[in-house]
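Q: Questions regarding the structure given below will be posed in turn.
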Amino acid sequence: MKTALVLASNSPRRRQLLQEAGLTFTIRPSTIEEHMDQKLPPSQVVTDLATQKAESVPKNDEEVVLGADTIVTVDGKILGKPSDEEEAFKTLRFLSGRTHEVFTGVALVKGKETSTFYSRTEVTFYELTDEEIMRYIGTGEPMDKAGAYGIQGKGALFVKEISGDYYAVVGLPLSKTVRELKKLGVSLP
Ligand SMILES: Cc1cn([C@H]2C[C@H](O)[C@@H](COP(=O)(O)OP(=O)(O)OP(=O)(O)O)O2)c(=O)[nH]c1=O
């Protein structure tokens, strides 16, 4: 019996990345409240949240459930999704002209076993003017994204340098995920 993949996510980006990789899967989004403990290391924050998401959805014995979480950190401060435009502005001001880290955690649940891994990517932004930030916020792009930007969208214009997995910044370390899924019996058709 082939193992089927379930994506425990509402994120259109995660869906699209897995589709583009050629995987077939069912979407069963998790509805957990995301609570982050700012005192924990970011790698643990993202793997914990990914685990909570993946373990919260129902599955059968032939299914592997994938949950993921992405956060941005700078100076030891964790930045999730902005709650409003003002917070998006403050976040982007904060990220302007400096290097931040993007952590994405992934959890894969099969039967009673949960395995996790994470990816860390460094992203450096050019100096941003207030006008540039305001114009960007006007596009609506920052509001559902960690760190208030999307590297796959107009946020790309802020990026001076990136070191690590681009796809992990978008929301899923794709090549690593496909490799780990293969070990659990989920393979490309
Ligand atoms: C930094 C960055 C984040 N993001 C997104 C990826 C994630 O979808 C989002 C962070 O929020 P998450 O809480 O990781 O995910 P989500 O709420 O969108 O989806 P779900 O919990 O149902 O899986 O930020 C981008 O799309 N581009 C970027 O450049």
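In the structure tokens, chains take letters A, B, ... by order of appearance, with residues numbered from 1 within each chain and ligands from 1 in the order shown.
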Which residues of chain A have any atom within 6 Å of an atom in ligand 1 when counting only C-alpha atoms and all ligand atoms, and what is the closest pair of atoms for each, with the distance in Å to one decimal? Order the rows by chain and rising number and write it as JSON lines.
A:
```
{"residue": "A:Ser9", "atom": "CA", "partner": "ligand 1", "partner_atom_place_in_ligand_line": "22 (O)", "distance": 3.5}
{"residue": "A:Asn10", "atom": "CA", "partner": "ligand 1", "partner_atom_place_in_ligand_line": "22 (O)", "distance": 3.5}
{"residue": "A:Ser11", "atom": "CA", "partner": "ligand 1", "partner_atom_place_in_ligand_line": "19 (O)", "distance": 4.0}
{"residue": "A:Pro29", "atom": "CA", "partner": "ligand 1", "partner_atom_place_in_ligand_line": "22 (O)", "distance": 5.9}
{"residue": "A:Ala68", "atom": "CA", "partner": "ligand 1", "partner_atom_place_in_ligand_line": "23 (O)", "distance": 5.5}
{"residue": "A:Asp69", "atom": "CA", "partner": "ligand 1", "partner_atom_place_in_ligand_line": "14 (O)", "distance": 3.4}
{"residue": "A:Thr70", "atom": "CA", "partner": "ligand 1", "partner_atom_place_in_ligand_line": "14 (O)", "distance": 3.8}
{"residue": "A:Lys145", "atom": "CA", "partner": "ligand 1", "partner_atom_place_in_ligand_line": "24 (O)", "distance": 3.3}
{"residue": "A:Ala146", "atom": "CA", "partner": "ligand 1", "partner_atom_place_in_ligand_line": "24 (O)", "distance": 4.1}
{"residue": "A:Gly147", "atom": "CA", "partner": "ligand 1", "partner_atom_place_in_ligand_line": "1 (C)", "distance": 5.5}
{"residue": "A:Tyr149", "atom": "CA", "partner": "ligand 1", "partner_atom_place_in_ligand_line": "29 (O)", "distance": 5.3}
{"residue": "A:Gly150", "atom": "CA", "partner": "ligand 1", "partner_atom_place_in_ligand_line": "29 (O)", "distance": 3.4}
{"residue": "A:Ile151", "atom": "CA", "partner": "ligand 1", "partner_atom_place_in_ligand_line": "29 (O)", "distance": 3.7}
{"residue": "A:Val169", "atom": "CA", "partner": "ligand 1", "partner_atom_place_in_ligand_line": "1 (C)", "distance": 5.0}
{"residue": "A:Val170", "atom": "CA", "partner": "ligand 1", "partner_atom_place_in_ligand_line": "27 (N)", "distance": 4.0}
{"residue": "A:Gly171", "atom": "CA", "partner": "ligand 1", "partner_atom_place_in_ligand_line": "6 (C)", "distance": 4.0}
```
Q: What does the file look like for those residues with N, CA and C atoms, as a PDB file, in the first residue's frame?
A:
```pdb
ATOM      1  N   SER A   9      -2.070  22.402   6.281  1.00  0.00           N
ATOM      2  CA  SER A   9      -1.718  23.815   6.113  1.00  0.00           C
ATOM      3  C   SER A   9      -2.724  24.568   5.258  1.00  0.00           C
ATOM      4  N   ASN A  10      -2.910  25.823   5.632  1.00  0.00           N
ATOM      5  CA  ASN A  10      -3.762  26.745   4.884  1.00  0.00           C
ATOM      6  C   ASN A  10      -2.949  27.587   3.925  1.00  0.00           C
ATOM      7  N   SER A  11      -1.633  27.427   3.975  1.00  0.00           N
ATOM      8  CA  SER A  11      -0.758  28.328   3.228  1.00  0.00           C
ATOM      9  C   SER A  11      -0.787  28.010   1.732  1.00  0.00           C
ATOM     10  N   PRO A  29      -6.300  21.393   6.692  1.00  0.00           N
ATOM     11  CA  PRO A  29      -5.650  22.442   7.499  1.00  0.00           C
ATOM     12  C   PRO A  29      -5.884  22.280   8.993  1.00  0.00           C
ATOM     13  N   ALA A  68       4.040  22.690   8.940  1.00  0.00           N
ATOM     14  CA  ALA A  68       5.233  23.546   8.834  1.00  0.00           C
ATOM     15  C   ALA A  68       4.971  24.893   9.490  1.00  0.00           C
ATOM     16  N   ASP A  69       6.048  25.547   9.868  1.00  0.00           N
ATOM     17  CA  ASP A  69       5.920  26.894  10.420  1.00  0.00           C
ATOM     18  C   ASP A  69       7.144  27.739  10.069  1.00  0.00           C
ATOM     19  N   THR A  70       6.895  28.992   9.750  1.00  0.00           N
ATOM     20  CA  THR A  70       7.976  29.910   9.367  1.00  0.00           C
ATOM     21  C   THR A  70       7.963  31.145  10.258  1.00  0.00           C
ATOM     22  N   LYS A 145       2.200  37.222   6.103  1.00  0.00           N
ATOM     23  CA  LYS A 145       3.524  36.600   5.989  1.00  0.00           C
ATOM     24  C   LYS A 145       4.434  36.939   7.171  1.00  0.00           C
ATOM     25  N   ALA A 146       5.192  35.940   7.617  1.00  0.00           N
ATOM     26  CA  ALA A 146       6.155  36.161   8.689  1.00  0.00           C
ATOM     27  C   ALA A 146       7.153  37.225   8.243  1.00  0.00           C
ATOM     28  N   GLY A 147       7.481  38.161   9.137  1.00  0.00           N
ATOM     29  CA  GLY A 147       8.442  39.209   8.794  1.00  0.00           C
ATOM     30  C   GLY A 147       7.851  40.289   7.898  1.00  0.00           C
ATOM     31  N   TYR A 149       6.921  40.307   4.805  1.00  0.00           N
ATOM     32  CA  TYR A 149       7.282  40.389   3.385  1.00  0.00           C
ATOM     33  C   TYR A 149       7.189  39.017   2.734  1.00  0.00           C
ATOM     34  N   GLY A 150       7.106  39.051   1.411  1.00  0.00           N
ATOM     35  CA  GLY A 150       7.114  37.811   0.635  1.00  0.00           C
ATOM     36  C   GLY A 150       8.251  37.883  -0.364  1.00  0.00           C
ATOM     37  N   ILE A 151       9.236  37.013  -0.199  1.00  0.00           N
ATOM     38  CA  ILE A 151      10.402  37.037  -1.092  1.00  0.00           C
ATOM     39  C   ILE A 151       9.987  36.628  -2.515  1.00  0.00           C
ATOM     40  N   VAL A 169      12.309  30.043   2.826  1.00  0.00           N
ATOM     41  CA  VAL A 169      11.836  31.409   3.121  1.00  0.00           C
ATOM     42  C   VAL A 169      10.381  31.543   2.661  1.00  0.00           C
ATOM     43  N   VAL A 170      10.070  30.942   1.511  1.00  0.00           N
ATOM     44  CA  VAL A 170       8.698  30.982   0.983  1.00  0.00           C
ATOM     45  C   VAL A 170       7.748  30.149   1.861  1.00  0.00           C
ATOM     46  N   GLY A 171       8.297  29.221   2.669  1.00  0.00           N
ATOM     47  CA  GLY A 171       7.444  28.472   3.594  1.00  0.00           C
ATOM     48  C   GLY A 171       7.700  26.986   3.694  1.00  0.00           C
TER      49      GLY A 171
END
```
Q: Quick one: DSSP alpha helix (DSSP H) residues in region 41-180 of chain A, as a ChimeraX atom specification?
A: /A:42-55,85-95,130-138,166-170,174-180
Q: If we count only C-alpha atoms and set the cut-off at 9 Å, which residues sit around region 16-21 of chain A, ignoring sequence neighbours fewer than 4 positions away in its own chain? Please answer as a PyMOL selection string.
A: chain A and resi 11-12+25+167+170-172+174-175+178+188
Q: Nearest residue to Glu131 (chain A) out of A:Val57, A:Ile78, A:Leu5, A:Leu92, using only C-alpha atoms?
A: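 Residue with the minimum atom-to-atom distance to Glu131 (chain A): A:Leu92.
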Q: Could you list, as a VMD selection string, every residue within 9 Å of Pro173 (chain A), counting only C-alpha atoms and ignoring same-chain residues fewer than 3 positions away?
A: chain A and resid 104 to 106 118 to 119 165 to 170 176 to 178
Q: From a DSSP calculation on the backbone, collect every residue of region 55-172 of chain A in strand (DSSP E or B) and output the set as a PDB file with C-alpha atoms, in the first residue's frame.
A:
```pdb
ATOM      1  CA  GLU A  63      -1.185   8.628   5.680  1.00  0.00           C
ATOM      2  CA  VAL A  64       1.759  10.904   6.499  1.00  0.00           C
ATOM      3  CA  VAL A  65       0.817  14.377   7.732  1.00  0.00           C
ATOM      4  CA  LEU A  66       3.034  17.387   7.021  1.00  0.00           C
ATOM      5  CA  GLY A  67       2.917  20.539   9.166  1.00  0.00           C
ATOM      6  CA  ALA A  68       5.233  23.546   8.834  1.00  0.00           C
ATOM      7  CA  ASP A  69       5.920  26.894  10.420  1.00  0.00           C
ATOM      8  CA  THR A  70       7.976  29.910   9.367  1.00  0.00           C
ATOM      9  CA  ILE A  71       9.266  32.778  11.522  1.00  0.00           C
ATOM     10  CA  VAL A  72      11.726  35.627  11.076  1.00  0.00           C
ATOM     11  CA  THR A  73      14.250  36.470  13.791  1.00  0.00           C
ATOM     12  CA  VAL A  74      16.576  39.385  14.252  1.00  0.00           C
ATOM     13  CA  LYS A  77      13.508  38.789  18.609  1.00  0.00           C
ATOM     14  CA  ILE A  78      10.949  36.562  16.892  1.00  0.00           C
ATOM     15  CA  LEU A  79       8.775  38.200  14.271  1.00  0.00           C
ATOM     16  CA  THR A  99      20.506  40.727   7.974  1.00  0.00           C
ATOM     17  CA  HIS A 100      17.762  38.605   9.514  1.00  0.00           C
ATOM     18  CA  GLU A 101      17.207  34.875   9.785  1.00  0.00           C
ATOM     19  CA  VAL A 102      14.245  32.902   8.521  1.00  0.00           C
ATOM     20  CA  PHE A 103      13.516  29.614  10.300  1.00  0.00           C
ATOM     21  CA  THR A 104      11.126  27.097   8.831  1.00  0.00           C
ATOM     22  CA  GLY A 105      10.300  23.957  10.796  1.00  0.00           C
ATOM     23  CA  VAL A 106       8.681  20.879   9.302  1.00  0.00           C
ATOM     24  CA  ALA A 107       6.993  17.996  11.123  1.00  0.00           C
ATOM     25  CA  LEU A 108       6.053  14.687   9.503  1.00  0.00           C
ATOM     26  CA  VAL A 109       3.691  12.404  11.383  1.00  0.00           C
ATOM     27  CA  LYS A 110       3.297   8.745  10.506  1.00  0.00           C
ATOM     28  CA  GLU A 113       5.955   8.717  15.182  1.00  0.00           C
ATOM     29  CA  THR A 114       6.695  12.390  14.528  1.00  0.00           C
ATOM     30  CA  SER A 115       9.949  13.444  12.877  1.00  0.00           C
ATOM     31  CA  THR A 116      11.033  17.077  12.582  1.00  0.00           C
ATOM     32  CA  PHE A 117      13.699  19.160  10.900  1.00  0.00           C
ATOM     33  CA  TYR A 118      14.254  22.840  10.254  1.00  0.00           C
ATOM     34  CA  SER A 119      15.986  25.135   7.850  1.00  0.00           C
ATOM     35  CA  ARG A 120      17.752  28.429   8.595  1.00  0.00           C
ATOM     36  CA  THR A 121      18.265  31.027   5.883  1.00  0.00           C
ATOM     37  CA  GLU A 122      19.982  34.405   6.169  1.00  0.00           C
ATOM     38  CA  VAL A 123      18.416  37.268   4.254  1.00  0.00           C
ATOM     39  CA  THR A 124      19.939  40.750   3.954  1.00  0.00           C
ATOM     40  CA  PHE A 125      17.737  43.712   2.999  1.00  0.00           C
ATOM     41  CA  VAL A 159      16.636  41.518  -0.951  1.00  0.00           C
ATOM     42  CA  LYS A 160      20.338  42.234  -1.313  1.00  0.00           C
ATOM     43  CA  GLU A 161      21.643  38.800  -0.385  1.00  0.00           C
ATOM     44  CA  ILE A 162      20.362  35.393   0.643  1.00  0.00           C
ATOM     45  CA  SER A 163      22.243  32.447   2.085  1.00  0.00           C
TER      46      SER A 163
END
```
Q: Considering only C-alpha atoms, can you say which of A:Gly155, A:Lys39, A:Leu23, A:Ala8 comes closest to Ser187 (chain A)?
A: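 Of A:Gly155, A:Lys39, A:Leu23, A:Ala8, the one nearest Ser187 (chain A) is A:Leu23, counting only C-alpha atoms.
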Q: Of the candidates A:Lys112, A:Arg135, A:Glu55, A:Gly76, which shows the shortest atom-to-atom distance to Pro42 (chain A), using only C-alpha atoms?
A: A:Gly76
Q: Any idea what the distance is between CA of Glu180 (chain A) and CA of Thr3 (chain A)?
A: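 Separating CA of Glu180 (chain A) from CA of Thr3 (chain A) is a distance of 13.1 Å.
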Q: CA of Glu87 (chain A) and CA of Glu141 (chain A), how far apart in Å?
A: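 For CA of Glu141 (chain A) relative to CA of Glu87 (chain A), the distance reads 13.6 Å.
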Q: Please provide as a PyMOL selection string all residues within 10 Å of Leu128 (chain A), with the sequence filter that same-chain residues fewer than 3 positions apart are discarded (counting only C-alpha atoms).
A: chain A and resi 92-97+125+131-133+158
